[in-house]
Amino acid sequence: MTAPAATPSDKPRFLDLHITQTLPYSNVNRDDLGSPKTVTFGGSTRTRVSSQAWKRPTRLAVEEQIGEQAVRTRRLPQQVAGELTEKRGWPAELAELAGAQIIRSTDSKLALEKGDRTTASLLFLPGTAAAALADIAEEHREALEKALGSKTAAAKALLPRDAIHEVLRSRNGSIALFGRMLAEIPGAGVDGAVQVAHAFTTHSTSVQADFFTAVDDADQWATDAGSAHMNTGEFSSGVFYRYATLDLRDLTGSVPEPGTARTLATAFATAFISTLPSAKKTSTAPHTAPDLVHICVRADRPLSLAAAFEKPVQARSEGWGRSSREALNDYATRIQRLLGDAGVVHSAHASVDEKAWDGLGEQVASYPELIAGAVAAVWPAEGADRT
């Protein structure tokens with residue numbers, strides 16, 4: 001599938017990432033019983049990795065690349081109190097009052113719990129928010145000192161609501177990508193530009209048990225030769241299909257500056273390709289890289305290729321990897337024939353194979369080159385914003 005020449009009507013709307021990745025014996029995402037998560041698809045059981053498990057390391061990697069942190073927390077009052085005591089020398093009791101007043105003064109349903117130290121729901125704010133809220137408290141320190149120890153402190157809002165709302169509505173690149181649900185503050189919600197599917201194996205899998213023991217180093221001369229601890233862990237292995245899409249309209253709506261949007265798109269694609277959930281990493285070290293990445297920039301709609309694996313791939317002498325790439329290529333060819341090429345602005349792939357996969361667009365040599373080509377199709381080199 002070679003992308004046709006773009007026309008003025010081919011406005012890039014979605015950047016789709018399709019990945020096949022082989023994971024060895026591992027358990028990167030556990031259920032409540034410690035077993036690898038599963039899904040029944042095409043009548044067979046597959047190992048699954050939830051979207052949440054992959055989104056968090058992706059988000060952290062994005063933040064490291066762009067140099068901006070976002071914090072998801074219920075402990076905003078404690079953050080503000082810590083900022084005031086540790087960096088500004090406030091007495092602890094006064095600082096704790098200020099932290100609680102940050103929430104009380106919002107005049108919203110953001111409830112306080114655990115002695116006014118946590119909020120009832122998670123907040124997702126720029127890493128600079130606590131310092132900005134501490135600045136507001138600093139400006140109204142006199143009012144806080146007067147209320148300290150009185151009934152007013154618990155019953156009355158002492159800080160300016162609008163100023164606090166402005167901070168709670170603030171966003172950075174990470175929030176623009178991953179979104180924020182905050183219905184309690186008008187205008188604080190952000191539609192995330194990133195959509196991530198649950199990853200699943202392209203073939204049937206089964207749980208594999210690992211019986212293990214631990215030796216008590218301080219008891220090595222004891223007459224009891226038994227182990228200090230024994231248990232059984234559960235693991236699986238396989239080739240995973242991973243899919244995510246970046247809604248370029250939502251991204252540019254939150255980040256109208258083309259250069260910033262381009263940086264965020266590059267950071268997200270790079271992070272999604274390179275990250276891995278970290279569960280059980282010390283005992284399995286499953287640090288593989290994707291076998292194949294296909295990126296398609298579309299003007300019409302996002303398109304998952306998960307249906308390529310509704311029929312589980314069968315292992316051959318070379319295993320599941322190549323068979324999975326063949327199945328993905330074959331399905332992409334057939335589904336694009338049905339849809340037509342009108343919606344495709346750019347299509348390319350890179351893989352461990354020397355041969356090109358014709359259904360996955362132009363073959364390039366590396367993942368960095370693949371990302372750069374897709375981003376350039378959205379934001380041409382001269383910086384014109386085609387979205």
# chains A, B, ... in the order shown; residues from 1 in each chain; ligands from 1

$ residues_around --residues "Thr263 in chain A" --least-positions-apart "3" --cutoff "10 Å" --atoms "only C-alpha atoms" --output "list in words"
Val62, Gln65, Ile66, Gly173, Pro258, Gly259, Thr260, Thr266, Ala267, Phe268 and Val375 of chain A

$ write_last_selection --atoms "N, CA, C and O atoms" --output "short mmCIF file (atom, residue, chain, number, x, y, z; two decimals), in the first residue's frame"
data_model
loop_
_atom_site.label_atom_id
_atom_site.label_comp_id
_atom_site.auth_asym_id
_atom_site.auth_seq_id
_atom_site.Cartn_x
_atom_site.Cartn_y
_atom_site.Cartn_z
N VAL A 62 7.48 10.28 27.68
CA VAL A 62 7.20 11.54 26.98
C VAL A 62 7.65 12.72 27.83
O VAL A 62 8.30 13.65 27.34
N GLN A 65 11.29 13.25 27.78
CA GLN A 65 11.77 13.82 26.51
C GLN A 65 11.50 15.31 26.41
O GLN A 65 12.35 16.08 25.96
N ILE A 66 10.29 15.74 26.81
CA ILE A 66 9.92 17.14 26.61
C ILE A 66 10.32 18.03 27.79
O ILE A 66 10.22 19.26 27.72
N GLY A 173 2.17 19.75 27.97
CA GLY A 173 2.17 18.82 26.86
C GLY A 173 1.66 17.44 27.21
O GLY A 173 0.93 16.81 26.45
N PRO A 258 2.35 24.97 16.07
CA PRO A 258 2.75 23.77 15.31
C PRO A 258 4.05 23.14 15.78
O PRO A 258 4.17 21.92 15.81
N GLY A 259 5.04 23.94 16.14
CA GLY A 259 6.31 23.38 16.58
C GLY A 259 6.17 22.54 17.83
O GLY A 259 6.77 21.47 17.95
N THR A 260 5.35 23.02 18.79
CA THR A 260 5.12 22.26 20.02
C THR A 260 4.35 20.99 19.74
O THR A 260 4.65 19.92 20.29
N THR A 266 6.12 13.62 18.03
CA THR A 266 7.37 12.85 17.93
C THR A 266 7.68 12.14 19.24
O THR A 266 8.06 10.96 19.25
N ALA A 267 7.51 12.86 20.35
CA ALA A 267 7.81 12.27 21.65
C ALA A 267 6.88 11.10 21.95
O ALA A 267 7.30 10.07 22.47
N PHE A 268 5.58 11.27 21.63
CA PHE A 268 4.65 10.18 21.89
C PHE A 268 4.97 8.95 21.05
O PHE A 268 5.02 7.82 21.57
N VAL A 375 5.75 12.39 10.93
CA VAL A 375 5.56 13.73 11.50
C VAL A 375 5.72 14.79 10.41
O VAL A 375 4.97 15.77 10.37
#

$ select_by_dssp --residues "range 42-158 of chain A" --states "alpha helix (DSSP H)" --output "MDAnalysis selection string"
chainID A and resid 51:66 76:88 92:104 129:139 141:147 152:155

$ select_by_dssp --residues "range 9-251 of chain A" --states "strand (DSSP E or B)" --output "PyMOL selection string"
chain A and resi 14-26+30+36+38-41+44-49+70-73+112-113+118-119+123-126+180+190+194-196+199-201+208-214+229-247

$ residues_around --residues "Leu60 in chain A" --least-positions-apart "5" --cutoff "9 Å" --atoms "only C-alpha atoms" --output "list in words"
Lys55, Gln65, Gln69, Ala70, Ser174 and Ala271 of chain A

$ closest_residue --among "A:His287, A:Val196, A:Glu234, A:Ala147" --to "Phe212 in chain A" --atoms "only C-alpha atoms"
A:Glu234

$ closest_residue --among "A:Arg59, A:Lys11, A:Lys156, A:Arg316" --to "Arg104 in chain A" --atoms "only C-alpha atoms"
A:Lys156

$ residues_around --residues "Asn329 in chain A" --least-positions-apart "4" --cutoff "8 Å" --atoms "only C-alpha atoms" --output "ChimeraX atom specification"
/A:325,333,357-360

$ atom_distance --atom1 "CA of Glu184 in chain A" --atom2 "CA of Glu63 in chain A"
25.8 Å

$ atom_distance --atom1 "CA of Ala183 in chain A" --atom2 "CA of Val80 in chain A"
21.6 Å

$ residues_around --residues "Leu97 in chain A" --least-positions-apart "5" --cutoff "9 Å" --atoms "only C-alpha atoms" --output "PDB file with N, CA and C atoms, in the first residue's frame"
ATOM      1  N   PRO A  77      -3.252  18.782  48.562  1.00  0.00           N
ATOM      2  CA  PRO A  77      -3.070  19.575  49.792  1.00  0.00           C
ATOM      3  C   PRO A  77      -1.719  19.330  50.455  1.00  0.00           C
ATOM      4  N   ALA A  81       1.290  22.014  51.061  1.00  0.00           N
ATOM      5  CA  ALA A  81       1.842  22.177  52.409  1.00  0.00           C
ATOM      6  C   ALA A  81       3.343  21.932  52.422  1.00  0.00           C
ATOM      7  N   ALA A  92       4.270  24.189  60.136  1.00  0.00           N
ATOM      8  CA  ALA A  92       3.553  23.038  59.576  1.00  0.00           C
ATOM      9  C   ALA A  92       2.043  23.193  59.666  1.00  0.00           C
ATOM     10  N   ILE A 102      -6.818  25.298  49.713  1.00  0.00           N
ATOM     11  CA  ILE A 102      -6.730  25.246  48.251  1.00  0.00           C
ATOM     12  C   ILE A 102      -7.928  24.494  47.678  1.00  0.00           C
ATOM     13  N   ASP A 116      -8.261  16.231  55.880  1.00  0.00           N
ATOM     14  CA  ASP A 116      -8.025  17.325  54.927  1.00  0.00           C
ATOM     15  C   ASP A 116      -6.696  17.203  54.194  1.00  0.00           C
ATOM     16  N   LEU A 144      -4.966  33.569  56.384  1.00  0.00           N
ATOM     17  CA  LEU A 144      -4.821  32.202  56.881  1.00  0.00           C
ATOM     18  C   LEU A 144      -4.370  32.199  58.343  1.00  0.00           C
ATOM     19  N   LEU A 148      -6.383  30.529  61.583  1.00  0.00           N
ATOM     20  CA  LEU A 148      -5.778  29.317  62.133  1.00  0.00           C
ATOM     21  C   LEU A 148      -6.327  29.019  63.535  1.00  0.00           C
ATOM     22  N   ALA A 153     -11.656  28.389  59.821  1.00  0.00           N
ATOM     23  CA  ALA A 153     -10.679  27.690  59.001  1.00  0.00           C
ATOM     24  C   ALA A 153     -11.272  26.484  58.301  1.00  0.00           C
ATOM     25  N   ALA A 154     -12.231  25.827  58.962  1.00  0.00           N
ATOM     26  CA  ALA A 154     -12.811  24.622  58.381  1.00  0.00           C
ATOM     27  C   ALA A 154     -14.103  24.899  57.623  1.00  0.00           C
TER      28      ALA A 154
END

$ closest_residue --among "A:Pro24, A:Gly343, A:Gly238, A:Gly179" --to "Thr47 in chain A" --atoms "only C-alpha atoms"
A:Gly238

$ residues_around --residues "Gln314 in chain A" --least-positions-apart "4" --cutoff "10 Å" --atoms "only C-alpha atoms" --output "PyMOL selection string"
chain A and resi 202-204+319-320+323-324

$ atom_distance --atom1 "CA of Thr119 in chain A" --atom2 "CA of Thr85 in chain A"
20.0 Å
